[in-house]
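Notes follow once the structure below has been shown.
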Amino acid sequence: MSDHDELLKELGLDVELHHRIFDSIDRNFRKTVLAQKDRPERMVYFDGVIRGAHGARVQEIVERRAAGDKFIGTFCVYVPDELVLALGAVPVALCGGTSLSIPYAEKMLPRDICPLVKSTLGLALSNTCPYGPIEDLAVGETTCDAKKKTWDILAAGGDFHVLEVPQKKGPRDRDLWHEEVVRFKARLEETTGRTLEPAKLAAAVRLMNRKRRALARLNELRKEANPPLSGLDALVVMQGALVDDPLRFSERLEALNDELEERVRRGAGVVPAGAKRIMVSGCPSVMGNWKLHHLIESAGAAVVCDETCTGTRYFSTLVDERDGGLDDQIAAIAARYLTIDCSCFSPNDERIEAVLRLVREHRVDGVVQYVLQYCHTYNVEAVRVASALRDAGVPSLKIVTDYAEEDTGQLRLRVDAFLEGLGR
């Protein structure tokens with residue numbers, strides 16, 4: 001029994017199944033993340049964010065709702081959190097990162113689609129996601145076909161809003177996206193029963209920019225010759241960013257960054273001498289999924305950068321904190337979110353440029369392209385990324401996998417061979 005079993009029962013969850021799934025996730029967390037040596041002391045807070053995501057954080061949101069605030073569940077980094085926060089609501093990312101919920105989705109969905117989509121839907125269908133019963137609005141987006149059609153299924157069960165993300169970035173596409181952000185603002189006002197105010201939106205923009213600056217500072221520290229934290233720990237911080245209260249998260253991350261800078265001054269890094277510096281590029285690794293980073297770092301390398309949505313794509317651009325009225329503020333927010341270089345865009349030269357820039361800045365020895373099974377956009381775009389890296393003299397390895405552990409041995413052999421090749 002956990003401290004929050006009564007809460008889960010009150011929410012109508014299958015508590016026994018919830019334990020089976022999330023006890024297994026916690027065991028995996030302990031044998032990967034918590035098994036690392038010489039971790040920064042202030043990582044304890046971020047460990048707690050991950051382990052409390054289905055307990056303390058849910059309790060906190062239940063209390064916020066009792067006080068009159070609304071809860072907004074999201075599934076993508078294209079959702080403008082600034083609008084949600086400015087209306088006094090709570091945004092939390094709900095994507096699933098466990099293989100254990102996938103069988104419940106496969107009773108309805110075909111097997112040959114993205115594991116992230118199946119894991120997310122499986123948590124809902126297995127009645128083990130505590131966020132579903134307290135959700136006032138869920139927000140999806142049109143970044144891939146599997147998601148778009150899954151939103152149709154989830155929309156049948158409650159309030160659901162879909163943001164149309166354009167597939168290009170020309171003037172017409174920017175106009176479309178701006179209209180989508182305005183439409184989302186109206187839907188949030190309807191859900192919360194509140195009217196968006198310029199002063200509150202300005203405060204929300206400053207808060208989210210503070211959070212992005214803290215994450216960018218962490219990313220800068222990973223450029224050190226001997227980084228003061230592992231790539232696995234950096235991933236845990238990033239996963240926490242998607243679920244934690246943004247002000248509290250920013251304060252805790254700023255404190256962690258202070259500790260990391262002190263470790264740098266003392267020369268207390270976590271990377272073995274001669275370890276190869278690896279960038280992970282491509283699909284996100286959402287909460288519950290530490291598989292690839294653990295494989296790479298347990299093989300003796302260091303993940304020093306993540307060119308993913310659980311990495312640089314989340315924090316690399318700030319919203320312009322411009323003066324002016326609400327229209328100007330919303331335009332600035334829309335402009336910022338369209339800088340995200342997801343593989344759904346075509347052409348996507350911005351992403352190729354970002355990959356090469358990050359390789360240079362982090363002095364990367366090799367790139368592992370991480371592709372979730374059946375993620376066609378990242379899988380096809382991997383061809384262009386590999387070509388650009390080859391022209392720049394940077395070796396790369398494409399890993400296509402899901403959340404299951406069955407292929408871990410095979411992947412370990414491929415990672416070991418790739419790292420050995422970098423040594424030559």
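Residue numbering restarts at 1 in every chain; chains get A, B, ... in the order shown in the structure tokens, and ligands count up from 1 in that same order.
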* Asked: What lies within 7 Å of region 198-202 of chain A using only C-alpha atoms, ignoring chain neighbours under 6 positions off, as a list in words?
  -> Glu82, Leu83, Ala86, Gly325 and Leu326 of chain A
* Asked: Can you list, as an NGL selection string, every residue of region 47-172 of chain A that DSSP puts in strand (DSSP E or B)?
  -> :A and (71-74 or 90-93 or 137-141 or 160-163)
Using only N, CA and C atoms, please write the residues we just selected to a file, as a compact mmCIF listing (two decimals), in the first residue's frame.
```txt
# COMPACT_ATOMS: atom_id res chain seq x y z
N PHE A 71 -7.42 21.83 -14.23
CA PHE A 71 -6.28 21.00 -14.60
C PHE A 71 -6.31 20.73 -16.10
N ILE A 72 -5.21 21.03 -16.78
CA ILE A 72 -5.10 20.86 -18.23
C ILE A 72 -4.04 19.81 -18.54
N GLY A 73 -4.44 18.69 -19.11
CA GLY A 73 -3.50 17.65 -19.50
C GLY A 73 -3.00 17.89 -20.91
N THR A 74 -1.69 17.76 -21.12
CA THR A 74 -1.10 18.03 -22.44
C THR A 74 -0.31 16.81 -22.93
N VAL A 90 -3.48 24.43 -14.19
CA VAL A 90 -2.28 23.62 -13.97
C VAL A 90 -2.03 22.76 -15.20
N PRO A 91 -0.92 22.97 -15.92
CA PRO A 91 -0.59 22.10 -17.05
C PRO A 91 0.34 20.96 -16.63
N VAL A 92 0.05 19.76 -17.10
CA VAL A 92 0.92 18.60 -16.84
C VAL A 92 0.96 17.74 -18.10
N ALA A 93 2.16 17.32 -18.49
CA ALA A 93 2.31 16.43 -19.65
C ALA A 93 1.93 15.01 -19.26
N LEU A 137 -9.58 19.56 -19.08
CA LEU A 137 -9.40 19.66 -20.52
C LEU A 137 -8.11 18.96 -20.89
N ALA A 138 -8.15 18.17 -21.95
CA ALA A 138 -6.94 17.57 -22.51
C ALA A 138 -6.64 18.26 -23.84
N VAL A 139 -5.35 18.42 -24.12
CA VAL A 139 -4.94 19.15 -25.32
C VAL A 139 -3.98 18.30 -26.13
N GLY A 140 -4.40 17.94 -27.33
CA GLY A 140 -3.54 17.22 -28.26
C GLY A 140 -3.11 18.14 -29.39
N GLU A 141 -2.40 17.57 -30.35
CA GLU A 141 -1.91 18.36 -31.48
C GLU A 141 -1.75 17.45 -32.68
N PHE A 160 -11.84 17.64 -24.92
CA PHE A 160 -10.57 17.49 -25.62
C PHE A 160 -10.44 18.62 -26.64
N HIS A 161 -9.25 19.18 -26.72
CA HIS A 161 -8.98 20.24 -27.68
C HIS A 161 -7.76 19.84 -28.51
N VAL A 162 -7.82 20.05 -29.81
CA VAL A 162 -6.70 19.70 -30.69
C VAL A 162 -6.16 20.96 -31.35
N LEU A 163 -4.86 21.18 -31.17
CA LEU A 163 -4.17 22.28 -31.83
C LEU A 163 -3.64 21.80 -33.17
```
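If only C-alpha atoms are the atoms counted, then among A:Lys185, A:Thr128, A:Cys309, A:Arg363 the closest residue to Arg222 (chain A) is A:Arg363.
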* To do: Give the alpha helix (DSSP H) residues of region 336-377 of chain A, as assigned by DSSP on the backbone, as a PyMOL selection string.
  => chain A and resi 336-337+349-361+376-377
* **For region 292-295 of chain A: contacts at 12 Å, only C-alpha atoms, fewer than 3 positions along chain excluded, given as a VMD selection string** => chain A and resid 28 to 36 230 to 236 278 to 286 288 to 289 298 to 306 368 to 372 398 to 405 407 to 416 419
Using only C-alpha atoms, what table do you get, as CSV, when you list each residue of region 157-245 of chain A with an atom no more than 10 Å from region 251-254 of chain A, its nearest pair of atoms, and their distance in Å rounded to one decimal, rows by chain then rising number?
```
residue,atom,partner,partner_atom,distance
A:Arg210,CA,A:Glu251,CA,9.3
A:Lys211,CA,A:Leu253,CA,8.4
A:Arg213,CA,A:Glu254,CA,9.3
A:Ala214,CA,A:Glu254,CA,5.9
A:Leu215,CA,A:Leu253,CA,7.6
A:Arg217,CA,A:Glu254,CA,8.6
A:Leu218,CA,A:Leu253,CA,8.2
A:Val237,CA,A:Leu253,CA,8.1
A:Ala241,CA,A:Leu253,CA,9.4
```
* To do: Can you pull out every residue within 12 Å of Ala186 (chain A), counting only C-alpha atoms, but drop anything in the same chain fewer than 6 positions away, and send it as JSON, numbers by chain?
  => {"A": [83, 84, 87, 161, 179, 180, 192, 193, 194, 195, 196, 330]}
So that I have them on file, write out the residues from the current selection with N, CA and C atoms, as an mmCIF file, in the first residue's frame.
```
data_model
loop_
_atom_site.group_PDB
_atom_site.id
_atom_site.type_symbol
_atom_site.label_atom_id
_atom_site.label_comp_id
_atom_site.auth_asym_id
_atom_site.auth_seq_id
_atom_site.Cartn_x
_atom_site.Cartn_y
_atom_site.Cartn_z
ATOM 1 N N LEU A 83 -0.317 30.337 -21.606
ATOM 2 C CA LEU A 83 -1.748 30.644 -21.591
ATOM 3 C C LEU A 83 -2.447 29.907 -20.459
ATOM 4 N N VAL A 84 -2.070 28.663 -20.237
ATOM 5 C CA VAL A 84 -2.665 27.854 -19.174
ATOM 6 C C VAL A 84 -2.369 28.484 -17.815
ATOM 7 N N LEU A 87 -4.141 31.780 -16.801
ATOM 8 C CA LEU A 87 -5.545 31.639 -16.426
ATOM 9 C C LEU A 87 -5.703 30.845 -15.130
ATOM 10 N N HIS A 161 -9.251 19.181 -26.717
ATOM 11 C CA HIS A 161 -8.983 20.243 -27.684
ATOM 12 C C HIS A 161 -7.764 19.845 -28.507
ATOM 13 N N GLU A 179 -3.699 31.711 -35.433
ATOM 14 C CA GLU A 179 -5.148 31.526 -35.234
ATOM 15 C C GLU A 179 -5.424 30.380 -34.274
ATOM 16 N N GLU A 180 -4.611 29.323 -34.346
ATOM 17 C CA GLU A 180 -4.781 28.190 -33.447
ATOM 18 C C GLU A 180 -4.503 28.583 -31.996
ATOM 19 N N THR A 192 -11.916 27.598 -17.919
ATOM 20 C CA THR A 192 -11.612 28.129 -16.584
ATOM 21 C C THR A 192 -12.675 29.097 -16.081
ATOM 22 N N GLY A 193 -13.480 29.642 -16.975
ATOM 23 C CA GLY A 193 -14.438 30.670 -16.574
ATOM 24 C C GLY A 193 -13.765 31.982 -16.232
ATOM 25 N N ARG A 194 -12.558 32.186 -16.746
ATOM 26 C CA ARG A 194 -11.787 33.396 -16.462
ATOM 27 C C ARG A 194 -11.400 34.082 -17.766
ATOM 28 N N THR A 195 -11.090 35.348 -17.696
ATOM 29 C CA THR A 195 -10.676 36.130 -18.854
ATOM 30 C C THR A 195 -9.176 36.399 -18.773
ATOM 31 N N LEU A 196 -8.491 36.153 -19.863
ATOM 32 C CA LEU A 196 -7.038 36.336 -19.897
ATOM 33 C C LEU A 196 -6.701 37.823 -19.753
ATOM 34 N N ILE A 330 0.226 37.466 -27.413
ATOM 35 C CA ILE A 330 -0.141 36.183 -28.015
ATOM 36 C C ILE A 330 0.665 35.950 -29.284
#
```
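With only C-alpha atoms as the atoms that count, the minimum distance from Gly96 (chain A) to the choices A:Gln239, A:Cys144, A:Arg384, A:Asp136 is reached by A:Gln239.
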* Structure fact -> CA of His362 (chain A) sits from CA of Lys223 (chain A) at a separation of 4.8 Å
Contact residues around region 255-271 of chain A with only C-alpha atoms at 6 Å, ignoring same-chain residues under 5 positions, as a PDB file with C-alpha atoms, in the first residue's frame:
```
ATOM      1  CA  ARG A  42      20.194  18.122  -5.065  1.00  0.00           C
ATOM      2  CA  ASN A 226      34.060  16.490 -17.437  1.00  0.00           C
ATOM      3  CA  PRO A 227      30.318  17.168 -16.973  1.00  0.00           C
ATOM      4  CA  PRO A 228      29.158  17.492 -13.352  1.00  0.00           C
ATOM      5  CA  LEU A 229      26.106  15.272 -13.882  1.00  0.00           C
TER       6      LEU A 229
END
```
* Leaving out Arg351 (chain A) and any residue of its chain fewer than 6 positions from it, which residues lie within 12 Å of it when counting only C-alpha atoms, given as an MDAnalysis selection string? -> chainID A and resid 281:282 307:308 312:313 339:345 357:358 378 381:382 384:385 388
Store the residues picked out above, limited to C-alpha atoms, as an mmCIF file, in the first residue's frame.
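Saved result, out.cif, follows:
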```
data_model
loop_
_atom_site.group_PDB
_atom_site.id
_atom_site.type_symbol
_atom_site.label_atom_id
_atom_site.label_comp_id
_atom_site.auth_asym_id
_atom_site.auth_seq_id
_atom_site.Cartn_x
_atom_site.Cartn_y
_atom_site.Cartn_z
ATOM 1 C CA SER A 281 18.970 13.045 -31.208
ATOM 2 C CA GLY A 282 15.391 12.414 -32.305
ATOM 3 C CA GLU A 307 18.417 17.110 -29.261
ATOM 4 C CA THR A 308 14.891 15.978 -28.473
ATOM 5 C CA THR A 312 16.883 21.282 -26.285
ATOM 6 C CA ARG A 313 13.655 21.575 -28.289
ATOM 7 C CA THR A 339 10.507 27.789 -33.717
ATOM 8 C CA ILE A 340 10.354 24.200 -32.375
ATOM 9 C CA ASP A 341 11.877 22.029 -35.118
ATOM 10 C CA CYS A 342 9.833 18.835 -34.875
ATOM 11 C CA SER A 343 10.290 16.313 -37.671
ATOM 12 C CA CYS A 344 6.666 16.901 -38.699
ATOM 13 C CA PHE A 345 7.872 19.959 -40.653
ATOM 14 C CA ARG A 357 25.467 23.411 -34.001
ATOM 15 C CA LEU A 358 24.881 21.291 -30.889
ATOM 16 C CA TYR A 378 12.014 10.841 -37.329
ATOM 17 C CA GLU A 381 14.470 12.368 -41.396
ATOM 18 C CA ALA A 382 17.293 10.293 -39.886
ATOM 19 C CA ARG A 384 19.180 13.653 -43.793
ATOM 20 C CA VAL A 385 20.579 13.927 -40.281
ATOM 21 C CA ALA A 388 24.734 16.015 -42.627
#
```
* **Shell of 12 Å around Pro171 (chain A), only C-alpha atoms, local chain residues under 5 positions omitted, as a list of chain:residue names** => A:Pro166, A:Leu176, A:Trp177, A:His178, A:Ala335, A:Leu338
Just to be explicit: take each residue in the selection above, keep N, CA and C atoms, and write the result as a tab-separated table (two decimals), in the first residue's frame.
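Once everything was written out, this is selection04.tsv:
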```
chain	number	residue	atom	x	y	z
A	166	PRO	N	0.90	23.37	-38.14
A	166	PRO	CA	1.13	23.32	-39.59
A	166	PRO	C	2.33	22.46	-39.93
A	176	LEU	N	-1.91	30.50	-39.77
A	176	LEU	CA	-2.73	29.40	-39.26
A	176	LEU	C	-2.40	29.11	-37.80
A	177	TRP	N	-1.11	29.03	-37.48
A	177	TRP	CA	-0.70	28.72	-36.12
A	177	TRP	C	-1.12	29.82	-35.16
A	178	HIS	N	-0.98	31.06	-35.58
A	178	HIS	CA	-1.41	32.17	-34.72
A	178	HIS	C	-2.91	32.05	-34.43
A	335	ALA	N	4.85	32.92	-32.06
A	335	ALA	CA	6.12	32.93	-32.80
A	335	ALA	C	7.15	32.02	-32.13
A	338	LEU	N	6.49	28.21	-32.72
A	338	LEU	CA	6.71	27.73	-34.08
A	338	LEU	C	8.20	27.61	-34.41
```
